[in-house]
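So the structure is just underneath, and the comments pick up after that.
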Amino acid sequence: MATKTRSWWGWGNVEDAVVGAELDALTARVAAVLPGADLTPHEPPSVESLGLPEPRVSAPDSLAALASADPADRAAHAHGQAFRDVIRNLLGDVRDAPDLVVRPRGEDDIVDVLDWAAGANVAVIPFGGGTSVVGGVEPRLPHRSSTDSAGTHRDSSWTASEFEGAISLDLGTLDRVSEIDRTSRAARIQAGVFGPALEDQLRGADLTLRHFPQSFEFSTLGGWLATRAGGHFATLYTHIDDLVESMRVVTPTGISESRRLPGSGAGPSPDRMFLGSEGILGIITEAWMRLQDRPRWRATASAHFDDYAKAVAATRAIAQSGLHPSNCRLLDPAEAFLNAGAATSGGVLVLGFESADHPTRTWMERALELVAEHGGILPEPARYTESTARQPGSGAADTWRSSFLRMPYQRDALAARSMITETFETACTWDKFDDLKASVTEAANAAIRSVGATGVVTCRFTHVYPDGPAPYFGIYAAGRWGSTLAQWDDIKAAVSEALSAAGATITHHHAVGRDHRPWYDRQRPDPFANALRAAKSALDPAGILNPGVLI
């Protein structure tokens with residue numbers, strides 16, 4: 001990562017953007033699915049042309065060495081990585097840039113920053129890798145109602161902020177694995193470490209955290225904890241929650257550190273209070289994390305179906321079998337075609353097993369028996385390997401995994417060509433899935449038509465549980481340049497209403513942020529909302545931490 005340049009406006013590294021043959025193939029697929037789409041490219045503006053306003057606040061002398069007012073730094077910390085962020089950046093709209101980017105060297109610096117910010121009424125936005133797709137890291141702050149000189153009420157987007165300014169607190173310097181307990185298979189890890197650097201530091205002990213979200217290369221442990229991130233693996237230990245042994249959090253009123261234990265029944269868990277708190281209660285600085293031995297044996301396969309209902313039934317049977325596959329992703333026919341190159345009438349089930357202790361052939365063979373019982377077939381035999389290094393898969397499984405890692409870059413390339421390319425994810429119980437998929441797909445298609453676009457809606461399972469799946473929907477629609485943000489906002493609102501009406505969650509692993517707040521407010525029980533507000537008041541009495549998120 002050190003040898004490449006991070007994009008200020010879009011995903012990942014500038015050098016890894018979609019170009020050449022990959023871009024030609026991508027636009028050709030889009031043109032085939034959506035003939036007539038305007039795929040004229042639009043270039044992002046330079047940072048110099050953005051005209052960022054001068055910072056409203058200055059760091060005190062004691063913190064000045066940690067603070068940056070560089071326009072490129074501020075622009076890169078003004079947004080996350082959602083489609084709406086990319087579009088605003090392409091249009092040069094970074095009105096919510098932080099006044100300063102502050103990089104603490106350790107906990108003492110964080111304490112000092114919070115003390116200064118509370119006294120100066122400056123909002124503090126915790127920043128890990130900046131990969132939020134729900135408005136979780138942008139300084140989009142609450143505003144005061146006001147009137148102009150003629151006494152006319154002004155729209156909230158033009159009113160004064162409730163805060164004197166905002167800083168982005170970038171934890172990237174807290175990037176070490178501080179201690180490894182090989183006996184207990186755990187490690188004390190600083191919150192600002194990025195995924196690849198974390199795994200590199202564990203490799204010498206032949207251990208792994210085994211948490212690989214799609215954002216792995218560009219996201220941090222602290223971000224995973226703050227958002228209750230879900231990893232790549234489809235079953236068992238996939239949520240970061242399951243891997244936490246203890247946490248250390250700096251709050252404006254003191255430091256909270258839970259005791260290292262394999263389990264405890266001593267009251268409500270303090271770790272659970274901070275997991276998923278999205279930076280509104282404190283700054284996660286480090287955590288003891290449960291590790292695993294590096295896998296040695298792997299098995300991969302992809303099964304094709306001619307009936308989607310049977311494919312769903314097969315997936316449910318495997319999820320309820322106790323086999324615990326590492327990968328169990330069902331791609332509906334549209335998803336299978338667009339991202340795995342497989343033409344089926346019922347979809348593709350991508351399966352994988354891995355273990356550090358034993359061969360996985362028996363588990364895969366039993367899973368494939370369940371697949372066959374539901375009408376699934378294997379175009380290619382299952383693949384079995386023995387190595388501590390990850391091996392390539394085969395067929396649709398390998399094609400889909402490669403596409404999965406390139407999806408954010410491809411999203412950016414399409415966004416710059418007037419395409420509305422975005423996702424939304426949820427979870428529901430198995431008995432509700434058929435109705436949920438039908439209602440969400442109908443709502444999405446109706447919204448696409450209502451905004452004057454043409455498009456397709458896809459669905460895949462990212463995670464599966466014995467009691468239900470986590471469906472992940474994709475939108476691919478031909479929009480109008482200059483209007484794609486408003487078009488997507490209308491589509492997003494329609495599908496969010498459909499999710500809420502169906503009793504599904506507004507988010508399974510993307511977090512709440514600012515974008516999901518209206519629907520999260522309905523989903524959470526009122527007594528819990530009151531308790532959350534009370535916790536916020538107790539830990540952050542000045543209300544400076546990530547205002548507008550969660551509450």
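If you're wondering about the labels, chains in the structure tokens are A, B, ... by order shown, residues count from 1 in each chain, ligands from 1 in order shown.
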Surrounding residues of range 346-359 of chain A excluding itself and chain neighbours under 3 positions, 7 Å, only C-alpha atoms, as a PyMOL selection string: chain A and resi 293-308+311+325-333+336+364+397
Selection to disk with N, CA and C atoms, as a PDB file, in the first residue's frame:
```pdb
ATOM      1  N   ASP A 293      -5.486 -20.730  14.072  1.00  0.00           N
ATOM      2  CA  ASP A 293      -4.368 -21.232  13.289  1.00  0.00           C
ATOM      3  C   ASP A 293      -4.666 -21.026  11.809  1.00  0.00           C
ATOM      4  N   ARG A 294      -3.617 -20.813  11.035  1.00  0.00           N
ATOM      5  CA  ARG A 294      -3.808 -20.571   9.610  1.00  0.00           C
ATOM      6  C   ARG A 294      -4.300 -21.838   8.922  1.00  0.00           C
ATOM      7  N   PRO A 295      -5.320 -21.718   8.101  1.00  0.00           N
ATOM      8  CA  PRO A 295      -5.896 -22.910   7.447  1.00  0.00           C
ATOM      9  C   PRO A 295      -4.865 -23.649   6.590  1.00  0.00           C
ATOM     10  N   ARG A 296      -5.023 -24.957   6.553  1.00  0.00           N
ATOM     11  CA  ARG A 296      -4.131 -25.812   5.751  1.00  0.00           C
ATOM     12  C   ARG A 296      -4.893 -26.554   4.659  1.00  0.00           C
ATOM     13  N   TRP A 297      -6.091 -27.032   5.009  1.00  0.00           N
ATOM     14  CA  TRP A 297      -6.889 -27.804   4.057  1.00  0.00           C
ATOM     15  C   TRP A 297      -8.063 -26.961   3.561  1.00  0.00           C
ATOM     16  N   ARG A 298      -8.322 -27.014   2.270  1.00  0.00           N
ATOM     17  CA  ARG A 298      -9.434 -26.275   1.682  1.00  0.00           C
ATOM     18  C   ARG A 298     -10.156 -27.132   0.651  1.00  0.00           C
ATOM     19  N   ALA A 299     -11.441 -26.846   0.528  1.00  0.00           N
ATOM     20  CA  ALA A 299     -12.259 -27.473  -0.506  1.00  0.00           C
ATOM     21  C   ALA A 299     -13.163 -26.405  -1.093  1.00  0.00           C
ATOM     22  N   THR A 300     -13.292 -26.351  -2.412  1.00  0.00           N
ATOM     23  CA  THR A 300     -14.156 -25.372  -3.067  1.00  0.00           C
ATOM     24  C   THR A 300     -14.974 -26.049  -4.156  1.00  0.00           C
ATOM     25  N   ALA A 301     -16.157 -25.537  -4.396  1.00  0.00           N
ATOM     26  CA  ALA A 301     -17.032 -26.050  -5.458  1.00  0.00           C
ATOM     27  C   ALA A 301     -18.067 -24.997  -5.782  1.00  0.00           C
ATOM     28  N   SER A 302     -18.632 -25.090  -6.977  1.00  0.00           N
ATOM     29  CA  SER A 302     -19.768 -24.242  -7.345  1.00  0.00           C
ATOM     30  C   SER A 302     -20.826 -25.117  -7.990  1.00  0.00           C
ATOM     31  N   ALA A 303     -22.041 -24.986  -7.492  1.00  0.00           N
ATOM     32  CA  ALA A 303     -23.159 -25.806  -7.970  1.00  0.00           C
ATOM     33  C   ALA A 303     -24.148 -24.937  -8.730  1.00  0.00           C
ATOM     34  N   HIS A 304     -24.637 -25.437  -9.843  1.00  0.00           N
ATOM     35  CA  HIS A 304     -25.617 -24.722 -10.657  1.00  0.00           C
ATOM     36  C   HIS A 304     -26.996 -25.330 -10.451  1.00  0.00           C
ATOM     37  N   PHE A 305     -28.007 -24.466 -10.495  1.00  0.00           N
ATOM     38  CA  PHE A 305     -29.393 -24.893 -10.318  1.00  0.00           C
ATOM     39  C   PHE A 305     -30.235 -24.383 -11.474  1.00  0.00           C
ATOM     40  N   ASP A 306     -31.286 -25.129 -11.795  1.00  0.00           N
ATOM     41  CA  ASP A 306     -32.219 -24.646 -12.816  1.00  0.00           C
ATOM     42  C   ASP A 306     -33.501 -24.101 -12.199  1.00  0.00           C
ATOM     43  N   ASP A 307     -33.569 -24.104 -10.853  1.00  0.00           N
ATOM     44  CA  ASP A 307     -34.740 -23.598 -10.153  1.00  0.00           C
ATOM     45  C   ASP A 307     -34.267 -22.843  -8.912  1.00  0.00           C
ATOM     46  N   TYR A 308     -34.607 -21.542  -8.827  1.00  0.00           N
ATOM     47  CA  TYR A 308     -34.086 -20.721  -7.735  1.00  0.00           C
ATOM     48  C   TYR A 308     -34.632 -21.163  -6.379  1.00  0.00           C
ATOM     49  N   ALA A 311     -32.604 -23.888  -5.176  1.00  0.00           N
ATOM     50  CA  ALA A 311     -31.289 -23.410  -4.763  1.00  0.00           C
ATOM     51  C   ALA A 311     -31.344 -22.812  -3.358  1.00  0.00           C
ATOM     52  N   PRO A 325     -19.835 -24.306   6.562  1.00  0.00           N
ATOM     53  CA  PRO A 325     -18.922 -23.964   5.462  1.00  0.00           C
ATOM     54  C   PRO A 325     -18.344 -22.563   5.636  1.00  0.00           C
ATOM     55  N   SER A 326     -17.119 -22.374   5.172  1.00  0.00           N
ATOM     56  CA  SER A 326     -16.523 -21.039   5.228  1.00  0.00           C
ATOM     57  C   SER A 326     -17.138 -20.132   4.178  1.00  0.00           C
ATOM     58  N   ASN A 327     -17.607 -20.719   3.089  1.00  0.00           N
ATOM     59  CA  ASN A 327     -18.266 -19.955   2.036  1.00  0.00           C
ATOM     60  C   ASN A 327     -19.543 -20.676   1.652  1.00  0.00           C
ATOM     61  N   CYS A 328     -20.631 -19.939   1.618  1.00  0.00           N
ATOM     62  CA  CYS A 328     -21.927 -20.518   1.242  1.00  0.00           C
ATOM     63  C   CYS A 328     -22.761 -19.388   0.659  1.00  0.00           C
ATOM     64  N   ARG A 329     -22.353 -18.938  -0.528  1.00  0.00           N
ATOM     65  CA  ARG A 329     -22.981 -17.769  -1.146  1.00  0.00           C
ATOM     66  C   ARG A 329     -23.844 -18.209  -2.315  1.00  0.00           C
ATOM     67  N   LEU A 330     -25.109 -17.890  -2.225  1.00  0.00           N
ATOM     68  CA  LEU A 330     -26.026 -18.193  -3.318  1.00  0.00           C
ATOM     69  C   LEU A 330     -26.192 -16.944  -4.176  1.00  0.00           C
ATOM     70  N   LEU A 331     -25.868 -17.076  -5.462  1.00  0.00           N
ATOM     71  CA  LEU A 331     -26.024 -15.983  -6.420  1.00  0.00           C
ATOM     72  C   LEU A 331     -27.264 -16.254  -7.248  1.00  0.00           C
ATOM     73  N   ASP A 332     -28.196 -15.295  -7.304  1.00  0.00           N
ATOM     74  CA  ASP A 332     -29.366 -15.506  -8.149  1.00  0.00           C
ATOM     75  C   ASP A 332     -28.925 -15.439  -9.620  1.00  0.00           C
ATOM     76  N   PRO A 333     -29.791 -15.809 -10.567  1.00  0.00           N
ATOM     77  CA  PRO A 333     -29.349 -15.874 -11.968  1.00  0.00           C
ATOM     78  C   PRO A 333     -28.724 -14.582 -12.485  1.00  0.00           C
ATOM     79  N   ALA A 336     -25.300 -14.184 -10.842  1.00  0.00           N
ATOM     80  CA  ALA A 336     -24.387 -15.197 -11.369  1.00  0.00           C
ATOM     81  C   ALA A 336     -23.883 -14.812 -12.754  1.00  0.00           C
ATOM     82  N   MET A 364     -17.286 -31.354   2.618  1.00  0.00           N
ATOM     83  CA  MET A 364     -17.721 -30.956   1.287  1.00  0.00           C
ATOM     84  C   MET A 364     -18.589 -32.031   0.645  1.00  0.00           C
ATOM     85  N   ALA A 397     -16.793 -20.205  -8.989  1.00  0.00           N
ATOM     86  CA  ALA A 397     -16.339 -19.799  -7.655  1.00  0.00           C
ATOM     87  C   ALA A 397     -15.143 -18.866  -7.749  1.00  0.00           C
TER      88      ALA A 397
END
```
Near-range 39-54 of chain A list (9 Å; only C-alpha atoms; drop same-chain fewer than 3 positions) as number ranges by chain: A: 8-9, 27, 30-31, 36, 57, 69, 71-72, 74-75, 89-95, 97, 99, 413-419, 478, 481
Option closest in space to Leu532 in chain A, from A:Val133, A:Glu138, A:Leu243, A:Leu550 [counting only C-alpha atoms]: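 Ranking A:Val133, A:Glu138, A:Leu243, A:Leu550 by distance to Leu532 in chain A, first place goes to A:Leu550.
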Counting only C-alpha atoms, the residue of A:Ala76, A:Thr285, A:Asp115, A:Pro139 that sits nearest Pro98 in chain A: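 Distance minimum relative to Pro98 in chain A lands on A:Pro139.
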Point-to-point distance from CA of Ala334 in chain A to CA of Ala17 in chain A, Å rounded to tenths: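 About the pair CA of Ala334 in chain A and CA of Ala17 in chain A: they are 24.5 Å apart.
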Shell of 7 Å around Ile283 in chain A, only C-alpha atoms, local chain residues under 2 positions omitted, as a ChimeraX atom specification: /A:126,249-251,279,285
Members of range 105-296 of chain A assigned strand (DSSP E) by DSSP, as an NGL selection string: :A and (122-127 or 165-170 or 177-181 or 186-190 or 207-208 or 244-251 or 254-257 or 283-290 or 292-293)
Best match for closeness to Ala511 in chain A among A:Thr426, A:Gln190, A:Ser7, A:Thr421, counting only C-alpha atoms: A:Thr426
